[in-house]
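File shown: model_38.pdb. Contents: PDB, C-alpha atoms, pLDDT in the B column.
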```pdb
ATOM      1  CA  MET A   1      34.319  53.232  43.610  1.00 76.00           C
ATOM      2  CA  THR A   2      35.522  52.036  40.218  1.00 93.00           C
ATOM      3  CA  VAL A   3      33.679  53.777  37.378  1.00 96.00           C
ATOM      4  CA  THR A   4      33.922  52.356  33.867  1.00 96.00           C
ATOM      5  CA  THR A   5      31.815  52.378  30.724  1.00 97.00           C
ATOM      6  CA  ARG A   6      31.154  49.740  28.098  1.00 97.00           C
ATOM      7  CA  LEU A   7      28.930  49.180  25.084  1.00 98.00           C
ATOM      8  CA  VAL A   8      25.305  48.588  26.080  1.00 98.00           C
ATOM      9  CA  THR A   9      24.030  45.055  25.373  1.00 98.00           C
ATOM     10  CA  LEU A  10      20.632  43.413  25.190  1.00 97.00           C
ATOM     11  CA  ASP A  11      21.547  41.636  28.441  1.00 98.00           C
ATOM     12  CA  ASP A  12      21.517  45.050  30.161  1.00 98.00           C
ATOM     13  CA  ILE A  13      17.822  45.613  29.474  1.00 97.00           C
ATOM     14  CA  PRO A  14      16.398  44.306  32.797  1.00 97.00           C
ATOM     15  CA  ALA A  15      18.833  46.449  34.815  1.00 98.00           C
ATOM     16  CA  LEU A  16      18.151  49.483  32.609  1.00 98.00           C
ATOM     17  CA  VAL A  17      14.383  49.108  32.961  1.00 97.00           C
ATOM     18  CA  ASP A  18      14.757  49.017  36.752  1.00 97.00           C
ATOM     19  CA  LEU A  19      17.138  51.987  36.752  1.00 97.00           C
ATOM     20  CA  ILE A  20      15.027  54.116  34.416  1.00 97.00           C
ATOM     21  CA  ASN A  21      11.895  53.456  36.453  1.00 97.00           C
ATOM     22  CA  ALA A  22      13.619  54.090  39.787  1.00 97.00           C
ATOM     23  CA  ASN A  23      14.858  57.452  38.438  1.00 97.00           C
ATOM     24  CA  ARG A  24      11.809  58.469  36.436  1.00 95.00           C
ATOM     25  CA  GLU A  25      10.951  61.538  38.532  1.00 95.00           C
ATOM     26  CA  PHE A  26      14.590  62.488  39.075  1.00 95.00           C
ATOM     27  CA  LEU A  27      15.362  62.511  35.316  1.00 94.00           C
ATOM     28  CA  ALA A  28      12.061  64.061  34.138  1.00 92.00           C
ATOM     29  CA  PRO A  29      13.203  67.733  34.373  1.00 91.00           C
ATOM     30  CA  TRP A  30      16.294  66.974  32.260  1.00 92.00           C
ATOM     31  CA  GLU A  31      14.856  64.776  29.496  1.00 91.00           C
ATOM     32  CA  PRO A  32      12.240  64.823  26.745  1.00 91.00           C
ATOM     33  CA  THR A  33       8.736  63.901  27.825  1.00 90.00           C
ATOM     34  CA  ARG A  34       8.458  60.132  27.483  1.00 91.00           C
ATOM     35  CA  ASP A  35       5.399  58.029  26.765  1.00 92.00           C
ATOM     36  CA  ALA A  36       4.558  55.095  29.031  1.00 93.00           C
ATOM     37  CA  ASP A  37       6.128  52.559  26.626  1.00 94.00           C
ATOM     38  CA  TYR A  38       9.585  54.040  27.219  1.00 93.00           C
ATOM     39  CA  TYR A  39       9.561  52.637  30.763  1.00 95.00           C
ATOM     40  CA  THR A  40       8.765  49.044  29.752  1.00 96.00           C
ATOM     41  CA  VAL A  41      10.961  46.115  28.770  1.00 97.00           C
ATOM     42  CA  GLU A  42       9.655  46.455  25.216  1.00 97.00           C
ATOM     43  CA  GLY A  43      10.400  50.184  25.100  1.00 97.00           C
ATOM     44  CA  VAL A  44      13.927  49.830  26.450  1.00 97.00           C
ATOM     45  CA  THR A  45      14.554  46.902  24.104  1.00 97.00           C
ATOM     46  CA  THR A  46      13.466  49.012  21.125  1.00 97.00           C
ATOM     47  CA  GLU A  47      15.722  51.896  22.216  1.00 96.00           C
ATOM     48  CA  VAL A  48      18.762  49.674  22.862  1.00 98.00           C
ATOM     49  CA  ARG A  49      18.361  47.804  19.555  1.00 98.00           C
ATOM     50  CA  ALA A  50      18.096  51.098  17.652  1.00 97.00           C
ATOM     51  CA  ALA A  51      21.193  52.426  19.427  1.00 97.00           C
ATOM     52  CA  LEU A  52      23.139  49.264  18.599  1.00 98.00           C
ATOM     53  CA  GLU A  53      22.066  49.543  14.931  1.00 98.00           C
ATOM     54  CA  ARG A  54      23.354  53.142  14.843  1.00 97.00           C
ATOM     55  CA  ASP A  55      26.550  51.890  16.511  1.00 98.00           C
ATOM     56  CA  ALA A  56      27.017  49.261  13.786  1.00 97.00           C
ATOM     57  CA  GLU A  57      26.707  52.079  11.224  1.00 97.00           C
ATOM     58  CA  GLY A  58      29.346  54.134  13.082  1.00 96.00           C
ATOM     59  CA  ARG A  59      26.835  56.900  13.925  1.00 97.00           C
ATOM     60  CA  THR A  60      26.680  56.516  17.703  1.00 97.00           C
ATOM     61  CA  LEU A  61      28.496  54.793  20.554  1.00 98.00           C
ATOM     62  CA  PRO A  62      25.992  53.846  23.296  1.00 98.00           C
ATOM     63  CA  HIS A  63      27.555  52.873  26.620  1.00 98.00           C
ATOM     64  CA  VAL A  64      26.331  52.054  30.086  1.00 98.00           C
ATOM     65  CA  ILE A  65      28.050  53.582  33.107  1.00 98.00           C
ATOM     66  CA  LEU A  66      29.206  51.027  35.655  1.00 98.00           C
ATOM     67  CA  ASP A  67      30.254  51.473  39.254  1.00 96.00           C
ATOM     68  CA  ASP A  68      31.918  48.242  40.373  1.00 92.00           C
ATOM     69  CA  ASP A  69      30.050  46.329  37.612  1.00 90.00           C
ATOM     70  CA  ARG A  70      26.650  47.763  38.635  1.00 96.00           C
ATOM     71  CA  ILE A  71      24.844  49.807  35.941  1.00 98.00           C
ATOM     72  CA  VAL A  72      24.293  53.323  37.296  1.00 98.00           C
ATOM     73  CA  GLY A  73      23.615  55.333  34.124  1.00 98.00           C
ATOM     74  CA  ARG A  74      24.102  55.801  30.407  1.00 98.00           C
ATOM     75  CA  ILE A  75      26.604  57.781  28.344  1.00 98.00           C
ATOM     76  CA  THR A  76      26.585  58.045  24.572  1.00 98.00           C
ATOM     77  CA  LEU A  77      28.588  59.626  21.799  1.00 98.00           C
ATOM     78  CA  ASN A  78      25.758  60.693  19.467  1.00 97.00           C
ATOM     79  CA  GLU A  79      25.657  61.876  15.873  1.00 96.00           C
ATOM     80  CA  ILE A  80      29.244  60.908  15.106  1.00 98.00           C
ATOM     81  CA  LEU A  81      30.232  62.785  11.951  1.00 96.00           C
ATOM     82  CA  ARG A  82      33.254  61.959   9.829  1.00 96.00           C
ATOM     83  CA  GLY A  83      34.735  63.702   6.804  1.00 93.00           C
ATOM     84  CA  PRO A  84      35.914  67.236   7.491  1.00 94.00           C
ATOM     85  CA  CYS A  85      33.912  67.440  10.766  1.00 92.00           C
ATOM     86  CA  GLN A  86      35.253  64.542  12.872  1.00 96.00           C
ATOM     87  CA  TRP A  87      33.045  65.349  15.845  1.00 97.00           C
ATOM     88  CA  CYS A  88      30.224  64.027  18.002  1.00 98.00           C
ATOM     89  CA  SER A  89      27.742  65.082  20.627  1.00 98.00           C
ATOM     90  CA  LEU A  90      27.963  63.727  24.180  1.00 98.00           C
ATOM     91  CA  GLY A  91      24.945  62.842  26.300  1.00 97.00           C
ATOM     92  CA  TYR A  92      24.796  61.179  29.717  1.00 97.00           C
ATOM     93  CA  TRP A  93      22.778  60.639  32.869  1.00 97.00           C
ATOM     94  CA  VAL A  94      23.382  58.929  36.186  1.00 97.00           C
ATOM     95  CA  ALA A  95      21.000  57.637  38.842  1.00 97.00           C
ATOM     96  CA  ALA A  96      19.979  60.028  41.613  1.00 96.00           C
ATOM     97  CA  THR A  97      21.916  57.935  44.133  1.00 95.00           C
ATOM     98  CA  GLU A  98      25.130  58.484  42.163  1.00 94.00           C
ATOM     99  CA  THR A  99      25.060  62.268  41.807  1.00 92.00           C
ATOM    100  CA  GLY A 100      27.770  64.194  43.608  1.00 91.00           C
ATOM    101  CA  ARG A 101      30.074  61.180  43.842  1.00 93.00           C
ATOM    102  CA  GLY A 102      32.199  61.827  40.739  1.00 95.00           C
ATOM    103  CA  VAL A 103      30.537  59.059  38.715  1.00 97.00           C
ATOM    104  CA  ALA A 104      29.473  61.287  35.812  1.00 97.00           C
ATOM    105  CA  SER A 105      32.865  63.040  35.762  1.00 97.00           C
ATOM    106  CA  ALA A 106      34.693  59.701  35.583  1.00 97.00           C
ATOM    107  CA  ALA A 107      32.369  58.387  32.857  1.00 98.00           C
ATOM    108  CA  VAL A 108      32.831  61.546  30.775  1.00 98.00           C
ATOM    109  CA  ARG A 109      36.610  61.296  31.211  1.00 97.00           C
ATOM    110  CA  GLY A 110      36.491  57.724  29.888  1.00 97.00           C
ATOM    111  CA  MET A 111      34.384  58.658  26.879  1.00 98.00           C
ATOM    112  CA  ILE A 112      36.722  61.524  26.028  1.00 98.00           C
ATOM    113  CA  ARG A 113      39.528  58.984  25.772  1.00 97.00           C
ATOM    114  CA  VAL A 114      37.386  56.753  23.538  1.00 97.00           C
ATOM    115  CA  ALA A 115      36.338  59.665  21.299  1.00 97.00           C
ATOM    116  CA  PHE A 116      39.840  61.028  20.836  1.00 97.00           C
ATOM    117  CA  GLU A 117      42.134  58.011  21.105  1.00 96.00           C
ATOM    118  CA  GLU A 118      39.986  55.194  19.716  1.00 96.00           C
ATOM    119  CA  LEU A 119      37.699  57.003  17.277  1.00 96.00           C
ATOM    120  CA  GLY A 120      40.164  59.740  16.325  1.00 96.00           C
ATOM    121  CA  LEU A 121      37.581  62.501  16.586  1.00 97.00           C
ATOM    122  CA  HIS A 122      38.591  66.159  16.635  1.00 97.00           C
ATOM    123  CA  ARG A 123      35.773  67.647  18.737  1.00 97.00           C
ATOM    124  CA  ILE A 124      33.140  66.665  21.292  1.00 98.00           C
ATOM    125  CA  GLN A 125      30.128  68.893  21.852  1.00 98.00           C
ATOM    126  CA  ALA A 126      27.667  68.774  24.763  1.00 98.00           C
ATOM    127  CA  GLY A 127      24.675  70.861  25.727  1.00 96.00           C
ATOM    128  CA  THR A 128      23.073  71.397  29.120  1.00 96.00           C
ATOM    129  CA  LEU A 129      19.997  73.207  30.274  1.00 95.00           C
ATOM    130  CA  LEU A 130      21.009  76.667  31.441  1.00 95.00           C
ATOM    131  CA  HIS A 131      20.085  75.819  35.041  1.00 94.00           C
ATOM    132  CA  ASN A 132      21.864  72.431  35.113  1.00 95.00           C
ATOM    133  CA  GLY A 133      24.908  73.526  37.093  1.00 95.00           C
ATOM    134  CA  GLY A 134      25.812  69.969  38.046  1.00 94.00           C
ATOM    135  CA  SER A 135      26.206  68.842  34.452  1.00 96.00           C
ATOM    136  CA  GLN A 136      28.072  72.033  33.583  1.00 97.00           C
ATOM    137  CA  ARG A 137      30.560  71.329  36.405  1.00 97.00           C
ATOM    138  CA  VAL A 138      31.053  67.771  35.097  1.00 97.00           C
ATOM    139  CA  LEU A 139      31.913  69.120  31.656  1.00 98.00           C
ATOM    140  CA  GLU A 140      34.163  71.902  32.961  1.00 98.00           C
ATOM    141  CA  ARG A 141      36.067  69.461  35.219  1.00 97.00           C
ATOM    142  CA  ASN A 142      36.808  67.495  32.066  1.00 98.00           C
ATOM    143  CA  GLY A 143      38.162  70.480  30.157  1.00 98.00           C
ATOM    144  CA  PHE A 144      35.069  71.465  28.171  1.00 98.00           C
ATOM    145  CA  THR A 145      34.607  75.167  27.526  1.00 98.00           C
ATOM    146  CA  ARG A 146      31.327  76.962  27.085  1.00 98.00           C
ATOM    147  CA  PHE A 147      31.066  78.538  23.658  1.00 97.00           C
ATOM    148  CA  GLY A 148      27.510  79.739  23.421  1.00 97.00           C
ATOM    149  CA  VAL A 149      23.827  79.432  24.136  1.00 97.00           C
ATOM    150  CA  ALA A 150      21.360  77.801  21.763  1.00 95.00           C
ATOM    151  CA  PRO A 151      17.868  79.283  22.163  1.00 95.00           C
ATOM    152  CA  GLU A 152      15.067  76.700  22.282  1.00 93.00           C
ATOM    153  CA  TYR A 153      17.644  73.990  21.485  1.00 94.00           C
ATOM    154  CA  LEU A 154      15.780  70.875  22.647  1.00 90.00           C
ATOM    155  CA  ARG A 155      12.271  70.026  23.787  1.00 92.00           C
ATOM    156  CA  ILE A 156      12.912  69.007  27.400  1.00 92.00           C
ATOM    157  CA  ALA A 157      10.256  68.328  30.040  1.00 90.00           C
ATOM    158  CA  GLY A 158       7.564  69.263  27.541  1.00 90.00           C
ATOM    159  CA  ARG A 159       8.862  72.650  26.373  1.00 93.00           C
ATOM    160  CA  TRP A 160      11.564  74.095  24.140  1.00 96.00           C
ATOM    161  CA  GLN A 161      14.453  75.128  26.370  1.00 93.00           C
ATOM    162  CA  ASP A 162      17.660  77.076  25.913  1.00 94.00           C
ATOM    163  CA  HIS A 163      20.940  75.178  26.339  1.00 97.00           C
ATOM    164  CA  ALA A 164      24.487  76.160  27.179  1.00 97.00           C
ATOM    165  CA  LEU A 165      26.801  74.661  24.565  1.00 98.00           C
ATOM    166  CA  TYR A 166      30.189  73.206  25.483  1.00 98.00           C
ATOM    167  CA  GLN A 167      33.018  71.780  23.433  1.00 98.00           C
ATOM    168  CA  LEU A 168      36.287  69.972  23.891  1.00 98.00           C
ATOM    169  CA  LEU A 169      38.911  69.809  21.164  1.00 97.00           C
ATOM    170  CA  ASN A 170      41.293  66.896  20.789  1.00 96.00           C
ATOM    171  CA  PRO A 171      44.650  68.078  22.181  1.00 91.00           C
ATOM    172  CA  GLN A 172      46.376  65.766  19.689  1.00 85.00           C
ATOM    173  CA  PRO A 173      44.755  66.815  16.398  1.00 71.00           C
ATOM    174  CA  MET A 174      44.972  64.225  13.653  1.00 67.00           C
TER
END
```
Rewritten as structure tokens:
Amino acid sequence: MTVTTRLVTLDDIPALVDLINANREFLAPWEPTRDADYYTVEGVTTEVRAALERDAEGRTLPHVILDDDRIVGRITLNEILRGPCQWCSLGYWVAATETGRGVASAAVRGMIRVAFEELGLHRIQAGTLLHNGGSQRVLERNGFTRFGVAPEYLRIAGRWQDHALYQLLNPQPM
């Protein structure tokens, strides 16, 4: 297993459509409720183009997760803030077939390097549903520490849900 990440491209859309549809039920408890268009070529194209526009503006860094050159998930540095903040929010998911294999942990490790070494950020924040122990273990394995709980933080699976908040500070502050 060789896990890497890279910037998402429009060429990834067919593989992403297949992956999203194959994992629709698996991801549903962990994501916002999606309309039917989200699962189509047009919907994924719209989402990828918007993410690449935000990337061009320096506001997000949308990557795909690869295992031996096969797309197995997504990982993104969201809401990149500069100025006195120098931080971002991390979001990721992997296919059901990849859970428990260290794929998410390796992808997060790679994005930490990008955030701190390439982008020069000071802090990465991530939130998980309170009952998402798997994602919490991924973050903790990568040095994130839990710093609080945000009540009704995001609307996930059709309802406002509390999230555990995690952060990682750059060990080499700029």
Checklist outcome for this item: From CA of Arg113 (chain A) to CA of Leu129 (chain A) the spacing works out at 24.6 Å
Item to check | Separation of CA of Val8 (chain A) from CA of Tyr166 (chain A) in Å | outcome: 25.1 Å
Next on the checklist: To test your reading of the syntax: which residues would the PyMOL selection byres ((chain A and resi 172) around 12) return for the file shown? Reply as a PyMOL selection string.
Outcome noted: chain A and resi 113+115-117+120-123+168-171+173-174
Item to check | Residue with smallest distance to Arg109 (chain A) - pool A:Ala95, A:Leu52, A:Thr5, A:Trp30, counting only C-alpha atoms | outcome: A:Thr5
Item to check | Hits of the PyMOL selection byres ((chain A and resi 7) around 7) in this structure, as a PyMOL selection string | outcome: chain A and resi 6+8-9+62-64
Next on the checklist: Since I can't run it myself right now, could you work out what the PyMOL selection byres ((chain A and resi 74) around 8) selects here and report it as a VMD selection string?
Outcome noted: chain A and resid 62 to 65 72 to 73 75 to 76 92 to 94
Next on the checklist: My list of candidates is A:Thr60, A:Pro84, A:Ala157, A:Gln136. Which is closest to Leu119 (chain A) when distances are computed with all atoms listed in the file?
Outcome noted: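 Result for the nearest residue to Leu119 (chain A): A:Thr60.
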Near-Leu77 (chain A) list (6 Å; all atoms listed in the file; drop same-chain fewer than 5 positions) as a PDB file with C-alpha atoms, in the coordinates of the input:
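around-v4.pdb was written with the following content:
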```pdb
ATOM      1  CA  THR A  60      26.680  56.516  17.703  1.00 97.00           C
ATOM      2  CA  LEU A  61      28.496  54.793  20.554  1.00 98.00           C
ATOM      3  CA  SER A  89      27.742  65.082  20.627  1.00 98.00           C
ATOM      4  CA  LEU A  90      27.963  63.727  24.180  1.00 98.00           C
TER       5      LEU A  90
END
```
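Nearest to Leu139 (chain A) of all the residues A:Val114, A:Leu165, A:Val48, A:Leu66 is A:Leu165, based on all atoms listed in the file.
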Item to check | Pairwise distance for CA of Thr128 (chain A) and CA of Ala164 (chain A), rounded to one decimal in Å | outcome: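 Taking CA of Thr128 (chain A) and CA of Ala164 (chain A), their separation equals 5.3 Å.
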Go through region 78-127 of chain A and flag each residue having an atom no more than 12 Å from region 145-152 of chain A; for those, report the closest pair of atoms plus their distance in Å to one decimal, using only C-alpha atoms, ordered by chain and rising number, as CSV.
```
residue,atom,partner,partner_atom,distance
A:Arg123,CA,A:Thr145,CA,11.6
A:Ile124,CA,A:Thr145,CA,10.6
A:Gln125,CA,A:Thr145,CA,9.6
A:Ala126,CA,A:Arg146,CA,9.3
A:Gly127,CA,A:Ala150,CA,8.7
```
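With distances taken over all atoms listed in the file, A:Arg59 is the one residue among A:Arg59, A:Met1, A:Ala106, A:Phe144 lying closest to Gln86 (chain A).
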Next on the checklist: Residues within 9 Å of Val44 (chain A), please, as a VMD selection string. Count only C-alpha atoms; anything in the same chain fewer than 3 positions from it doesn't count.
Outcome noted: chain A and resid 13 to 14 16 to 17 37 to 41 47 to 49
Checklist entry - In terms of the shortest atom-to-atom distance over all atoms listed in the file, which of A:Leu81, A:Thr2, A:Pro32, A:Asp67 is closest to Thr97 (chain A)? => result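 Result for the nearest residue to Thr97 (chain A): A:Asp67.
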Checklist entry - Restricting the calculation to all atoms listed in the file, which member of A:Arg54, A:Pro29, A:Glu118, A:Ile80 is positioned closest to His131 (chain A)? => result A:Pro29
Checklist entry - Counting only C-alpha atoms, what is within 10 Å of Ala28 (chain A), bar same-chain residues fewer than 4 positions away, as a PyMOL selection string? => result chain A and resi 23-24+32-34+156-158
